[in-house]
Amino acid sequence: MTDGPLIVQSDKSILLEVDHPRGDDARRAIAPFAELERAPEHVHTYRLTSLGLWNARAAGHDAEQVVNTLIEYSRYPVPHALLIDVAETMGRYGRLTLATHPTHGLVLEASDRAVLAEVLKSKRTAGLVGERVDDQTVVVHPSERGHLKQVLVKLGWPAEDLAGYVDGEKHEIALASPTHPRTPTEEPKEWEMRPYQAQAVDGFWHGGSGVVVLPCGAGKTIVGAGAMAKSGTTTLILVTNTVSARQWRDELVRRTTLTEDEIGEYSGSRKEIKPVTIATYQVLTTKRKGVYSHLELLDARDWGLVLYDEVHLLPAPIFRMTADLQARRRLGLTATLVREDGREDEVFSLIGPKRYDAPWKDIEAQGYIAPADCVEVRLTLPEHERMVYATAEPEDKYRLAACAPGKNRVVERIVAQHPDDQVLVIGQYLDQLEELSAHLDAPLITGATTVRERQRLFEAFRSGEISRLVVSKVANFSIDLPEASVAIQVSGSFGSRQEEAQRLGRVMRPKADGRTAHFYAVVARDTVDQDFAAHRQRFLAEQGYAYRIVDAEDLDAVA
Amino acid sequence: MANTSPRGTAEADVADGAGGTGAPHTFTESIRARDDAALLALLRARPDLATPSPSTLRSLAARASSRTALERALAHADARTLQVLEAVVALAGNGPVSPDDVRHAVGADDVPAADGGAPDAGSLVERVLDDALAAALLWDAGAPGRPDLRPAPGLDDVLGPHPAGLGPSRPAERPLTSGEEVRGTLANLPRGGREVLDALAWGPPIGLVPAPGTTARDAVDALVDARLLLRTDARHVALPRDVGLALRGGRTHRSAEVAPPRPEGRAVPQEAADAEAASAALELVRRVDLLVAAWDDTAPPVLRSGGLGVRDLRRTAQALGSDEADAAFVVELAAAAGVVADDGDAPPSYRPTTVADAWEAMDDADRWALLASAWAGSRRTPWLVGSRDEKGNLRAPLSGDLHRGWVPRLRRHVLQVLAAQPGTALDVAAVMAVLRWHAPRTVPPEQAVEGLLAEAGLLGVTGAGALSAPGTAVLAHLSDAGPAGLAEAMRAALPPEVDEVLLQGDLTGIVPGRPSQALATLLDRSADVESRGAATTVRFSPASVTRALDHGTTADELLDALAQRSRVPVPQPLEYLVRDTARRHESLRVGSAGSYVRAADPTVLAGLAVDPRLAHLGLVRLAPTVLAASVPAAELHAALRERGLLSAVEGPDGRVLSTRMRRPPRLDRAGRDARRRPAAEPEPTTDDARAHLVARLRAADAGDETAVDRLAGAHRARPSSGTNGTGTNGAGTTRANGSRGTTTPGRALTPEPGDALATLHDALRDGRLVWIEMVGASGTLERRALKPLRLDGGRLRALDPAREAELTVAVHRIASVEPADG
């Protein structure tokens with residue numbers, strides 16, 4: 001028995017004692033194959049999953065390494081069945097490979113005949129493969145490359161895709177330093193990729209295709225730009241919405257040799273196809289008369305690289321389209337591989353294995369994102385409101401609790417405590433937001449706000465012209481508010497994990513002066529609002545953020 | 001088929017008891033020529049020969065060569081011994097057989113010398129020969145220095161018509177061709193002849209005669225003419241033994257099975273095995289805990305036919321969080337350890353016993369030791385639960401149906417197989433292969449081996465499939481039945497206790513090891529377990545904190561207790577949770593009352609609560625207009641009326657009832673079943689008793705008459721007891737039996753009168769098989785394995801599974817009863 005920092009449980013969870021002298025070494029050693037599930041202050045919980053182990057295999061780690069790591073750092077003997085399972089699971093990756101055959105084109109090759117026989121016997125592979133070349137090789141229809149990979153992951157025999165990629169149309173792209181200013185007030189400044197960003201680009205490039213996982217605010221756009229520069233080809237960028245598309249464009253013009261003329265926007269309002277085209281998920285998934293009407297975009301040019309922003313939000317139709325894009329290099333960018341719909345395996349099979357991952361806390365410790373202080377403010381409802389709440393229909397309860405009038409005063413007090421900060425108020429219900437907007441004398445951004453107005457307000461907020469902004473859930477995704485240092489959440493949609501990560505992302509962009517960011521959630525006591533807050537508390541605490549609960553009456557004590 | 005084996009001469013051998021000097025001429029003579037030590041060794045090797053005790057050495061010899069005795073001796077012979085015996089049988093009748101011949105015949109010469117000082121194959125064969133001679137399976141007809149090994153009469157019969165796959169010997173009237181001649185003929189075989197002979201060479205040695213006119217038929221005919229094949233009947237030919245031996249190059253076996261096989265298995269480091277065993281043990285102990293809790297709540301009823309019903313098993317499995325097979329094992333084990341038992345009420349149900357109280361005070365290692373020693377002695381077969389018996393009924397856990405006498409012996413054998421290959425995980429097939437080598441003639445059912453291996457895994461006797469250190473202690477416990485330090489062995493394997501919990505902001509706590517009992521109690525009460533294993537992860541929630549508050553702990557006490565066991569201060573969210581839950585916990589109060597008084601005017605009630613004359617009513621003021629009383633409404637009403645107040649009794653609305661149930665009392669059946677000795681085999685008879693028997697036999701041999709007389713006397717005692725038997729007393733019979741056997745060794749021979757009935761009753765209760773010796777219609781003793789069904793009115797109704805028939809026996813005809821131990 002060694003005195004290691006890990007405890008490996010037979011349910012495949014791994015507990016890591018953070019303060020252990022060898023805790024950091026252990027964390028680095030298990031990061032490639034174990035997925036971080038919870039990272040509270042003392043003991044982090046990792047989990048071994050098939051996908052995680054296959055990701056590790058794809059990154060060149062073998063079972064022996066994994067087993068040795070577990071044994072080396074484990075405090076107690078590692079459950080034997082688990083070690084066997086690790087070896088077995090990892091052994092499954094790469095028994096099948098997709099390769100290019102000199103005469104037959106795309107083929108599926110097996111190093112183990114029995115495995116090939118097993119997968120070919122399955123009904124799911126019927127129609128995806130052609131004739132047998134020999135007993136270890138079978139022809140694959142090039143159009144089914146993605147589907148086959150999806151099916152093989154489901155069957156538990158993930159194929160390694162070594163068939164290579166088309167080169168794509170050449171287009172010179174290079175990173176530019178100093179930056180190209182986008183507004184007259186902006187000064188050009190010297191910059192270079194942060195070490196972890198460079199590592200992420202390299203990791204992706206060596207792997208061919210795959211996903212880079214970086215926390216919000218860690219500069220995913222720059223990783224994308226780096227990958228484009230490395231590729232030097234025409235690029236299709238898929239993003240969540242139009243605002244995000246414009247931000248990508250600005251950032252690319254600012255930091256690369258690309259000019260505005262070389263970048264096209266393909267969205268609901270504009271249909272430009274340029275060497276670098278930025279398209280929204282929405283336009284691609286729009287159906288007219290039952291067919292996707294914008295699929296031609298995918299074949300409009302000989303794309304050398306396809307970039308997916310926010311992979312965890314990738315809608316199902318895009319997966320289907322991606323299945324047909326397997327011959328092109330694909331880079332997925334995301335803050336989290338966790339998908340609310342549990343389709344992590346499709347990301348794995350269609351976009352590719354995880355190529356780079358850095359835990360939030362590590363990057364935060366390196367000073368690139370601001371540490372955040374999370375405070376839950378519990379508001380006791382006055383008696384008459386409690387009576388209304390107690391007798392309300394169940395479907396109205398959340399709305400009643402979330403929109404408690406008392407919250408306005410609490411928000412005001414919090415805002416008053418942060419006179420010098422850029423404050424963002426986030427909520428779900430428009431009535432409530434309008435009221436708050438009036439109370440705080442702050443502009444309101446909702447889904448109804450035009451893109452132009454939105455950008456104007458964001459710019460004003462960014463430049464410090466206005467210091468308070470009230471936003472609805474449209475703000476959740478992919479907008480960039482670099483200077484927000486306080487976020488106040490008054491209502492939210494049932495405490496989903498994703499939403500939480502996004503909201504925290506809002507305030508965790510690097511601050512110029514390294515101030516602590518604050519995240520407040522205002523919650524009505526003894527209501528369903530509080531129950532949802534419990535999910536949030538758990539999520540944030542699991543992410544390792546300091547989390548406190550204070551009563552609204554004691555708010556003054558919190559600075 | 002011509003079989004000229006010396007069966008025909010065997011009886012002559014036995015009958016011919018003429019003594020002589022020098023080499024013995026017959027088997028009987030060889031027995032009589034043994035010295036006392038050799039006789040003692042024989043009785044030790046084959047204890048059944050002394051039961052019932054033979055009167056003379058001649059009858060001892062007859063018994064030793066009887067089919068039953070030989071079958072019994074061979075039943076537990078290993079593959080090595082059987083090979084050697086087969087070789088001797090095959091070689092006998094062809095000149096003197098020396099140990100060297102046997103060694104060559106079984107192929108022991110080819111076995112490479114084992115390293116590490118293990119005995120080589122040749123000396124192993126010699127040792128087997130010595131043992132077989134000592135056990136009178138073989139005898140030596142040669143003069144000293146010139147051994148001539150012969151099989152005991154009847155051995156060839158028991159080994160079957162084709163020992164080692166060799167054909168019949170050549171009929172005596174057609175004299176043997178010499179070895180030279182056979183080899184010469186083999187050199188010039190007719191066309192196709194070689195193929196025919198090769199096909200028969202390694203057995204089976206009987207072939208079908210091909211259809212006439214074919215070339216194969218010509219070849220066979222030519223071989224028959226050349227006397228290399230024998231026509232046994234119109235359609236078959238046999239390869240004579242001498243030709244077979246010649247074809248095999250003088251060998252009887254292709255390869256010598258001198259040592260038990262060592263099947264391939266996964267290597268498991270001892271440390272890993274022990275760690276897995278420890279976690280299995282903790283899990284099992286926890287499951288028994290859950291079982292006690294579940295059955296405390298609702299005691300499942302005993303089925304009319306005995307055992308636990310299907311639905312109750314399913315419910316129990318749910319409570320244990322396991323599948324039904326594992327639940328059946330836990331239930332059986334808990335019953336074997338006496339933690340739960342049939343309460344014997346009407347209607348009966350299964351309940352935790354007072355052992356469960358003791359259990360709660362024990363630590364994990366002691367609890368495990370209790371379970372492990374119960375397992376070691378258990379004759380139960382929980383793996384049969386869910387299968388159907390001969391009558392098509394489902395076998396239920398805890399029913400008598402699951403009793404099998406041979407379980408402890410098989411358990412020991414299985415563990416011995418594992419112990420022979422330490423640090424190796426063996427699967428069922430591997431264990432079966434080894435068991436098959438040890439007793440090829442009585443291979444245990446694979447299902448039982450599989451069941452026992454699974455049980456061993458659940459119990460932590462094995463870890464990751466290999467025998468663990470605690471498992472080794474269990475094996476020692478099984479082998480010499482002494483206190484083997486089970487608890488100590490497990491204690492050493494268990495991870496050290498930890499008395500510290502790491503509290504975190506996400507409301508989890510982590511115990512980085514095995515929680516100490518105090519810590520486990522605290523966390524059990526105040527948090528929910530999320531993950532178990534080397535470490536325990538718990539989560540605090542409003543529900544779990546409420547549980548702690550329900551136990552009477554206050555928020556401050558709980559926080560203090562947690563802070564004491566935590567290296568870090570209690571995180572703010574946890575503290576907030578505890579305080580917030582406590583705040584709400586007290587917002588609603590529940591109490592119990594027998595009745596109440598209410599009045600519209602508070603002043604009416606004001607005086608009542610403090611009135612000393614009404615003190616016995618236990619009046620408590622709940623609100624200005626409501627008083628609660630501890631007495632029933634009728635009594636309160638009467639008391640108030642007596643006091644002169646015009647009270648009225650209200651309807652039942654608003655009456656508060658106590659919801660807290662008292663735990664039902666536990667049975668006092670302290671480990672009744674657990675106290676059973678683990679060893680299931682008859683107790684070994686002492687060498688003193690054996691020596692006594694040998695002396696008696698020697699004396700009888702000198703003057704046969706007295707012994708015969710004495711035996712006859714014993715027999716005369718039996719009918720007399722039969723005639724005086726009035727009704728239910730089998731006592732006379734058994735007493736006669738007892739008097740006959742007072743001086744003989746062997747437990748089964750001398751049952752006390754009460755024992756026979758008690759054994760019957762036990763068997764009846766457990767639904768076990770028993771061996772019953774009874775006086776048949778012709779006055780002879782019959783020994784049958786029966787399953788008693790009913791015993792009353794001096795009659796026993798029983799099922800004979802072998803004949804699939806029921807029979808009724810008068811008790812006074814039963815001579816002896818012994819448990820069928822396998």
# chains A, B, ... in the order shown; residues from 1 in each chain; ligands from 1

$ closest_atom_pairs --of "chain A" --to "chain B" --cutoff "8 Å" --atoms "only C-alpha atoms" --output "tab-separated table"
residue	atom	partner	partner_atom	distance
A:Ile7	CA	B:Ala534	CA	6.7
A:Val8	CA	B:Ala534	CA	7.2
A:Gln9	CA	B:Gly533	CA	5.2
A:Ser10	CA	B:Gly533	CA	6.3
A:Asp11	CA	B:Ser531	CA	7.4
A:Pro40	CA	B:Gln504	CA	6.3
A:Glu41	CA	B:Gln504	CA	6.2
A:His42	CA	B:Gln504	CA	6.6
A:Val43	CA	B:Ile510	CA	7.6
A:Tyr76	CA	B:Ala534	CA	6.8
A:Pro77	CA	B:Ala272	CA	5.7
A:Val78	CA	B:Ala272	CA	7.1
A:Pro79	CA	B:Glu276	CA	6.4
A:His80	CA	B:Ala464	CA	6.1
A:Ala81	CA	B:Ala464	CA	6.9
A:Gln537	CA	B:Asp506	CA	7.0
A:Arg538	CA	B:Asp506	CA	5.1
A:Phe539	CA	B:Asp506	CA	7.8
A:Leu540	CA	B:Asp506	CA	7.9
A:Ala541	CA	B:Asp506	CA	4.7
A:Glu542	CA	B:Asp506	CA	5.8
A:Ala546	CA	B:Gly505	CA	7.5
A:Tyr547	CA	B:Gly505	CA	6.9
A:Arg548	CA	B:Pro573	CA	5.9
A:Ile549	CA	B:Pro573	CA	6.1

$ write_last_selection --atoms "C-alpha atoms" --output "PDB file, in the first residue's frame"
ATOM      1  CA  ILE A   7      -8.393   6.219  -4.581  1.00  0.00           C
ATOM      2  CA  VAL A   8      -9.738   4.075  -7.376  1.00  0.00           C
ATOM      3  CA  GLN A   9     -13.243   2.789  -6.738  1.00  0.00           C
ATOM      4  CA  SER A  10     -14.691  -0.239  -8.400  1.00  0.00           C
ATOM      5  CA  ASP A  11     -17.573   1.850  -9.765  1.00  0.00           C
ATOM      6  CA  PRO A  40     -14.680  20.768  -5.309  1.00  0.00           C
ATOM      7  CA  GLU A  41     -12.006  22.072  -2.991  1.00  0.00           C
ATOM      8  CA  HIS A  42     -10.410  18.934  -1.487  1.00  0.00           C
ATOM      9  CA  VAL A  43     -11.171  15.822  -3.450  1.00  0.00           C
ATOM     10  CA  TYR A  76      -5.132   1.242  -2.010  1.00  0.00           C
ATOM     11  CA  PRO A  77      -4.846  -1.748  -4.328  1.00  0.00           C
ATOM     12  CA  VAL A  78      -6.734  -0.984  -7.513  1.00  0.00           C
ATOM     13  CA  PRO A  79      -9.773  -3.244  -8.051  1.00  0.00           C
ATOM     14  CA  HIS A  80      -8.659  -6.019 -10.302  1.00  0.00           C
ATOM     15  CA  ALA A  81     -11.819  -6.123 -12.382  1.00  0.00           C
ATOM     16  CA  GLN A 537     -24.825  25.245  -6.217  1.00  0.00           C
ATOM     17  CA  ARG A 538     -23.789  21.677  -6.843  1.00  0.00           C
ATOM     18  CA  PHE A 539     -22.571  22.402 -10.345  1.00  0.00           C
ATOM     19  CA  LEU A 540     -20.531  25.426  -9.374  1.00  0.00           C
ATOM     20  CA  ALA A 541     -19.096  23.817  -6.273  1.00  0.00           C
ATOM     21  CA  GLU A 542     -18.206  20.792  -8.344  1.00  0.00           C
ATOM     22  CA  ALA A 546     -16.139  29.181  -3.831  1.00  0.00           C
ATOM     23  CA  TYR A 547     -19.849  29.145  -3.165  1.00  0.00           C
ATOM     24  CA  ARG A 548     -21.607  30.878  -0.339  1.00  0.00           C
ATOM     25  CA  ILE A 549     -25.204  31.268   0.661  1.00  0.00           C
TER      26      ILE A 549
END

$ residues_around --residues "A:Leu148" --least-positions-apart "6" --cutoff "12 Å" --atoms "only C-alpha atoms" --output "PyMOL selection string"
chain A and resi 96-98+106-108+119-120+122-130+139-142+154-155+157-161+323-324+326+346+349-350

$ write_last_selection --atoms "N, CA and C atoms" --output "mmCIF file, in the first residue's frame"
data_model
loop_
_atom_site.group_PDB
_atom_site.id
_atom_site.type_symbol
_atom_site.label_atom_id
_atom_site.label_comp_id
_atom_site.auth_asym_id
_atom_site.auth_seq_id
_atom_site.Cartn_x
_atom_site.Cartn_y
_atom_site.Cartn_z
ATOM 1 N N LEU A 96 -10.106 -2.062 -35.479
ATOM 2 C CA LEU A 96 -10.631 -1.750 -36.802
ATOM 3 C C LEU A 96 -10.037 -0.411 -37.213
ATOM 4 N N THR A 97 -9.601 -0.326 -38.458
ATOM 5 C CA THR A 97 -9.116 0.963 -38.948
ATOM 6 C C THR A 97 -9.746 1.239 -40.295
ATOM 7 N N LEU A 98 -10.014 2.514 -40.518
ATOM 8 C CA LEU A 98 -10.445 2.939 -41.842
ATOM 9 C C LEU A 98 -9.190 3.377 -42.570
ATOM 10 N N LEU A 106 -11.560 3.380 -50.141
ATOM 11 C CA LEU A 106 -11.772 3.368 -48.689
ATOM 12 C C LEU A 106 -12.137 1.962 -48.224
ATOM 13 N N VAL A 107 -11.379 1.457 -47.261
ATOM 14 C CA VAL A 107 -11.663 0.114 -46.748
ATOM 15 C C VAL A 107 -11.637 0.128 -45.226
ATOM 16 N N LEU A 108 -12.303 -0.854 -44.657
ATOM 17 C CA LEU A 108 -12.250 -1.091 -43.215
ATOM 18 C C LEU A 108 -11.352 -2.290 -43.008
ATOM 19 N N VAL A 119 -18.736 -7.382 -36.354
ATOM 20 C CA VAL A 119 -19.401 -6.130 -36.742
ATOM 21 C C VAL A 119 -20.131 -6.297 -38.066
ATOM 22 N N LEU A 120 -19.627 -7.153 -38.944
ATOM 23 C CA LEU A 120 -20.320 -7.319 -40.224
ATOM 24 C C LEU A 120 -21.618 -8.090 -40.038
ATOM 25 N N SER A 122 -23.597 -7.685 -37.610
ATOM 26 C CA SER A 122 -24.613 -6.816 -37.023
ATOM 27 C C SER A 122 -25.492 -6.221 -38.117
ATOM 28 N N LYS A 123 -26.766 -6.106 -37.793
ATOM 29 C CA LYS A 123 -27.706 -5.529 -38.771
ATOM 30 C C LYS A 123 -27.351 -4.082 -39.060
ATOM 31 N N ARG A 124 -26.743 -3.415 -38.059
ATOM 32 C CA ARG A 124 -26.533 -1.981 -38.199
ATOM 33 C C ARG A 124 -25.515 -1.636 -39.282
ATOM 34 N N THR A 125 -24.599 -2.560 -39.581
ATOM 35 C CA THR A 125 -23.592 -2.229 -40.587
ATOM 36 C C THR A 125 -24.067 -2.590 -41.986
ATOM 37 N N ALA A 126 -25.215 -3.232 -42.075
ATOM 38 C CA ALA A 126 -25.705 -3.632 -43.390
ATOM 39 C C ALA A 126 -25.878 -2.399 -44.262
ATOM 40 N N GLY A 127 -25.412 -2.468 -45.488
ATOM 41 C CA GLY A 127 -25.578 -1.353 -46.412
ATOM 42 C C GLY A 127 -24.489 -0.312 -46.305
ATOM 43 N N LEU A 128 -23.711 -0.345 -45.210
ATOM 44 C CA LEU A 128 -22.642 0.650 -45.065
ATOM 45 C C LEU A 128 -21.345 0.161 -45.694
ATOM 46 N N VAL A 129 -21.225 -1.136 -45.823
ATOM 47 C CA VAL A 129 -19.980 -1.698 -46.358
ATOM 48 C C VAL A 129 -20.282 -2.448 -47.638
ATOM 49 N N GLY A 130 -19.253 -2.566 -48.463
ATOM 50 C CA GLY A 130 -19.397 -3.277 -49.738
ATOM 51 C C GLY A 130 -18.880 -4.693 -49.616
ATOM 52 N N VAL A 139 -14.621 -3.390 -48.211
ATOM 53 C CA VAL A 139 -14.742 -2.089 -48.863
ATOM 54 C C VAL A 139 -15.818 -1.280 -48.146
ATOM 55 N N VAL A 140 -15.566 0.029 -48.011
ATOM 56 C CA VAL A 140 -16.563 0.910 -47.395
ATOM 57 C C VAL A 140 -16.964 1.954 -48.430
ATOM 58 N N HIS A 141 -18.264 2.182 -48.561
ATOM 59 C CA HIS A 141 -18.700 3.237 -49.462
ATOM 60 C C HIS A 141 -18.230 4.559 -48.876
ATOM 61 N N PRO A 142 -17.513 5.363 -49.671
ATOM 62 C CA PRO A 142 -16.963 6.608 -49.107
ATOM 63 C C PRO A 142 -18.044 7.481 -48.482
ATOM 64 N N LYS A 154 -21.101 2.589 -31.485
ATOM 65 C CA LYS A 154 -22.255 2.029 -30.777
ATOM 66 C C LYS A 154 -22.050 0.540 -30.531
ATOM 67 N N LEU A 155 -21.391 -0.128 -31.465
ATOM 68 C CA LEU A 155 -21.149 -1.561 -31.303
ATOM 69 C C LEU A 155 -19.987 -1.832 -30.344
ATOM 70 N N TRP A 157 -16.770 -1.097 -30.946
ATOM 71 C CA TRP A 157 -15.489 -1.319 -31.625
ATOM 72 C C TRP A 157 -15.143 -0.070 -32.430
ATOM 73 N N PRO A 158 -14.753 1.015 -31.755
ATOM 74 C CA PRO A 158 -14.503 2.256 -32.489
ATOM 75 C C PRO A 158 -13.360 2.087 -33.481
ATOM 76 N N ALA A 159 -13.582 2.621 -34.677
ATOM 77 C CA ALA A 159 -12.557 2.493 -35.712
ATOM 78 C C ALA A 159 -11.627 3.696 -35.657
ATOM 79 N N GLU A 160 -10.373 3.449 -35.921
ATOM 80 C CA GLU A 160 -9.418 4.544 -36.015
ATOM 81 C C GLU A 160 -9.437 4.991 -37.467
ATOM 82 N N ASP A 161 -9.632 6.286 -37.671
ATOM 83 C CA ASP A 161 -9.763 6.777 -39.038
ATOM 84 C C ASP A 161 -8.401 7.214 -39.553
ATOM 85 N N ALA A 323 -21.647 13.693 -40.997
ATOM 86 C CA ALA A 323 -21.335 12.327 -41.384
ATOM 87 C C ALA A 323 -20.864 12.283 -42.834
ATOM 88 N N ASP A 324 -21.324 13.235 -43.643
ATOM 89 C CA ASP A 324 -20.919 13.228 -45.052
ATOM 90 C C ASP A 324 -19.655 14.037 -45.292
ATOM 91 N N GLN A 326 -16.689 13.510 -43.844
ATOM 92 C CA GLN A 326 -15.606 12.828 -43.144
ATOM 93 C C GLN A 326 -14.260 12.948 -43.844
ATOM 94 N N GLU A 346 -21.477 10.643 -30.451
ATOM 95 C CA GLU A 346 -21.525 11.088 -31.841
ATOM 96 C C GLU A 346 -20.449 12.127 -32.105
ATOM 97 N N SER A 349 -17.400 10.064 -32.636
ATOM 98 C CA SER A 349 -17.253 9.329 -33.884
ATOM 99 C C SER A 349 -17.250 10.247 -35.103
ATOM 100 N N LEU A 350 -17.986 11.362 -35.048
ATOM 101 C CA LEU A 350 -18.126 12.154 -36.267
ATOM 102 C C LEU A 350 -17.148 13.316 -36.344
#

$ residues_around --residues "A:Leu6" --least-positions-apart "5" --cutoff "9 Å" --atoms "only C-alpha atoms" --output "number ranges by chain"
A: 14-17, 23, 26, 70, 73-76

$ write_last_selection --atoms "C-alpha atoms" --output "tab-separated table (two decimals), in the first residue's frame"
chain	number	residue	atom	x	y	z
A	14	ILE	CA	-11.35	7.97	-9.19
A	15	LEU	CA	-10.94	10.24	-6.20
A	16	LEU	CA	-8.00	12.62	-6.26
A	17	GLU	CA	-6.83	14.31	-3.10
A	23	GLY	CA	-1.71	15.49	-6.20
A	26	ALA	CA	-1.43	12.50	-10.36
A	70	LEU	CA	-3.53	4.03	-11.64
A	73	TYR	CA	-0.74	6.83	-7.66
A	74	SER	CA	-3.36	4.73	-5.94
A	75	ARG	CA	-3.45	4.65	-2.17
A	76	TYR	CA	-5.13	1.24	-2.01

$ residues_around --residues "A:Glu37" --least-positions-apart "3" --cutoff "7 Å" --atoms "only C-alpha atoms" --output "ChimeraX atom specification"
/A:45-47

$ write_last_selection --atoms "N, CA and C atoms" --output "short mmCIF file (atom, residue, chain, number, x, y, z; two decimals), in the first residue's frame"
data_model
loop_
_atom_site.label_atom_id
_atom_site.label_comp_id
_atom_site.auth_asym_id
_atom_site.auth_seq_id
_atom_site.Cartn_x
_atom_site.Cartn_y
_atom_site.Cartn_z
N THR A 45 -13.34 14.28 -8.26
CA THR A 45 -13.80 12.98 -8.73
C THR A 45 -13.63 12.89 -10.23
N TYR A 46 -12.92 11.89 -10.67
CA TYR A 46 -12.78 11.62 -12.10
C TYR A 46 -13.54 10.35 -12.40
N ARG A 47 -13.85 10.14 -13.66
CA ARG A 47 -14.54 8.92 -14.03
C ARG A 47 -13.90 8.30 -15.26
#

$ atom_distance --atom1 "atom CA of A:Val425" --atom2 "atom CA of A:Val470"
4.6 Å

$ residues_around --residues "stretch 392-404 of chain B" --least-positions-apart "3" --cutoff "9 Å" --atoms "only C-alpha atoms" --output "number ranges by chain"
B: 302-303, 305-310, 313, 328-329, 331-332, 335, 378-389, 407-408, 763-769, 820-822

$ write_last_selection --atoms "C-alpha atoms" --output "PDB file, in the first residue's frame"
ATOM      1  CA  VAL B 302     -42.564 -19.152   5.929  1.00  0.00           C
ATOM      2  CA  LEU B 303     -44.101 -21.044   3.022  1.00  0.00           C
ATOM      3  CA  SER B 305     -43.813 -26.281   2.295  1.00  0.00           C
ATOM      4  CA  GLY B 306     -40.941 -24.461   4.023  1.00  0.00           C
ATOM      5  CA  GLY B 307     -38.712 -21.712   2.738  1.00  0.00           C
ATOM      6  CA  LEU B 308     -39.058 -18.157   1.508  1.00  0.00           C
ATOM      7  CA  GLY B 309     -41.598 -17.280  -1.166  1.00  0.00           C
ATOM      8  CA  VAL B 310     -40.685 -15.985  -4.599  1.00  0.00           C
ATOM      9  CA  LEU B 313     -37.168 -13.147  -2.200  1.00  0.00           C
ATOM     10  CA  ALA B 328     -30.720 -16.112  -1.881  1.00  0.00           C
ATOM     11  CA  PHE B 329     -27.117 -16.627  -0.848  1.00  0.00           C
ATOM     12  CA  VAL B 331     -30.491 -15.118   3.127  1.00  0.00           C
ATOM     13  CA  GLU B 332     -29.146 -18.651   3.399  1.00  0.00           C
ATOM     14  CA  ALA B 335     -29.842 -18.200   8.412  1.00  0.00           C
ATOM     15  CA  SER B 378     -23.143 -25.087   5.694  1.00  0.00           C
ATOM     16  CA  ARG B 379     -24.651 -27.969   3.768  1.00  0.00           C
ATOM     17  CA  ARG B 380     -26.876 -25.680   1.794  1.00  0.00           C
ATOM     18  CA  THR B 381     -26.981 -25.239  -1.958  1.00  0.00           C
ATOM     19  CA  PRO B 382     -28.400 -21.738  -2.563  1.00  0.00           C
ATOM     20  CA  TRP B 383     -27.431 -21.924  -6.241  1.00  0.00           C
ATOM     21  CA  LEU B 384     -30.323 -24.353  -6.715  1.00  0.00           C
ATOM     22  CA  VAL B 385     -32.833 -21.659  -5.763  1.00  0.00           C
ATOM     23  CA  GLY B 386     -35.160 -21.077  -8.658  1.00  0.00           C
ATOM     24  CA  SER B 387     -34.592 -24.515 -10.205  1.00  0.00           C
ATOM     25  CA  ARG B 388     -37.264 -27.194  -9.951  1.00  0.00           C
ATOM     26  CA  ASP B 389     -37.212 -30.384  -7.939  1.00  0.00           C
ATOM     27  CA  VAL B 407     -21.458 -29.695   0.189  1.00  0.00           C
ATOM     28  CA  PRO B 408     -18.795 -29.195   2.888  1.00  0.00           C
ATOM     29  CA  ALA B 763     -33.732 -35.513   8.076  1.00  0.00           C
ATOM     30  CA  LEU B 764     -37.465 -35.098   8.007  1.00  0.00           C
ATOM     31  CA  ARG B 765     -37.159 -31.501   9.037  1.00  0.00           C
ATOM     32  CA  ASP B 766     -34.411 -30.651   6.574  1.00  0.00           C
ATOM     33  CA  GLY B 767     -35.722 -32.832   3.772  1.00  0.00           C
ATOM     34  CA  ARG B 768     -32.393 -34.594   3.601  1.00  0.00           C
ATOM     35  CA  LEU B 769     -31.500 -38.009   2.319  1.00  0.00           C
ATOM     36  CA  ALA B 820     -26.201 -39.487   3.673  1.00  0.00           C
ATOM     37  CA  ASP B 821     -23.059 -37.473   3.754  1.00  0.00           C
ATOM     38  CA  GLY B 822     -22.254 -38.002   0.151  1.00  0.00           C
TER      39      GLY B 822
END
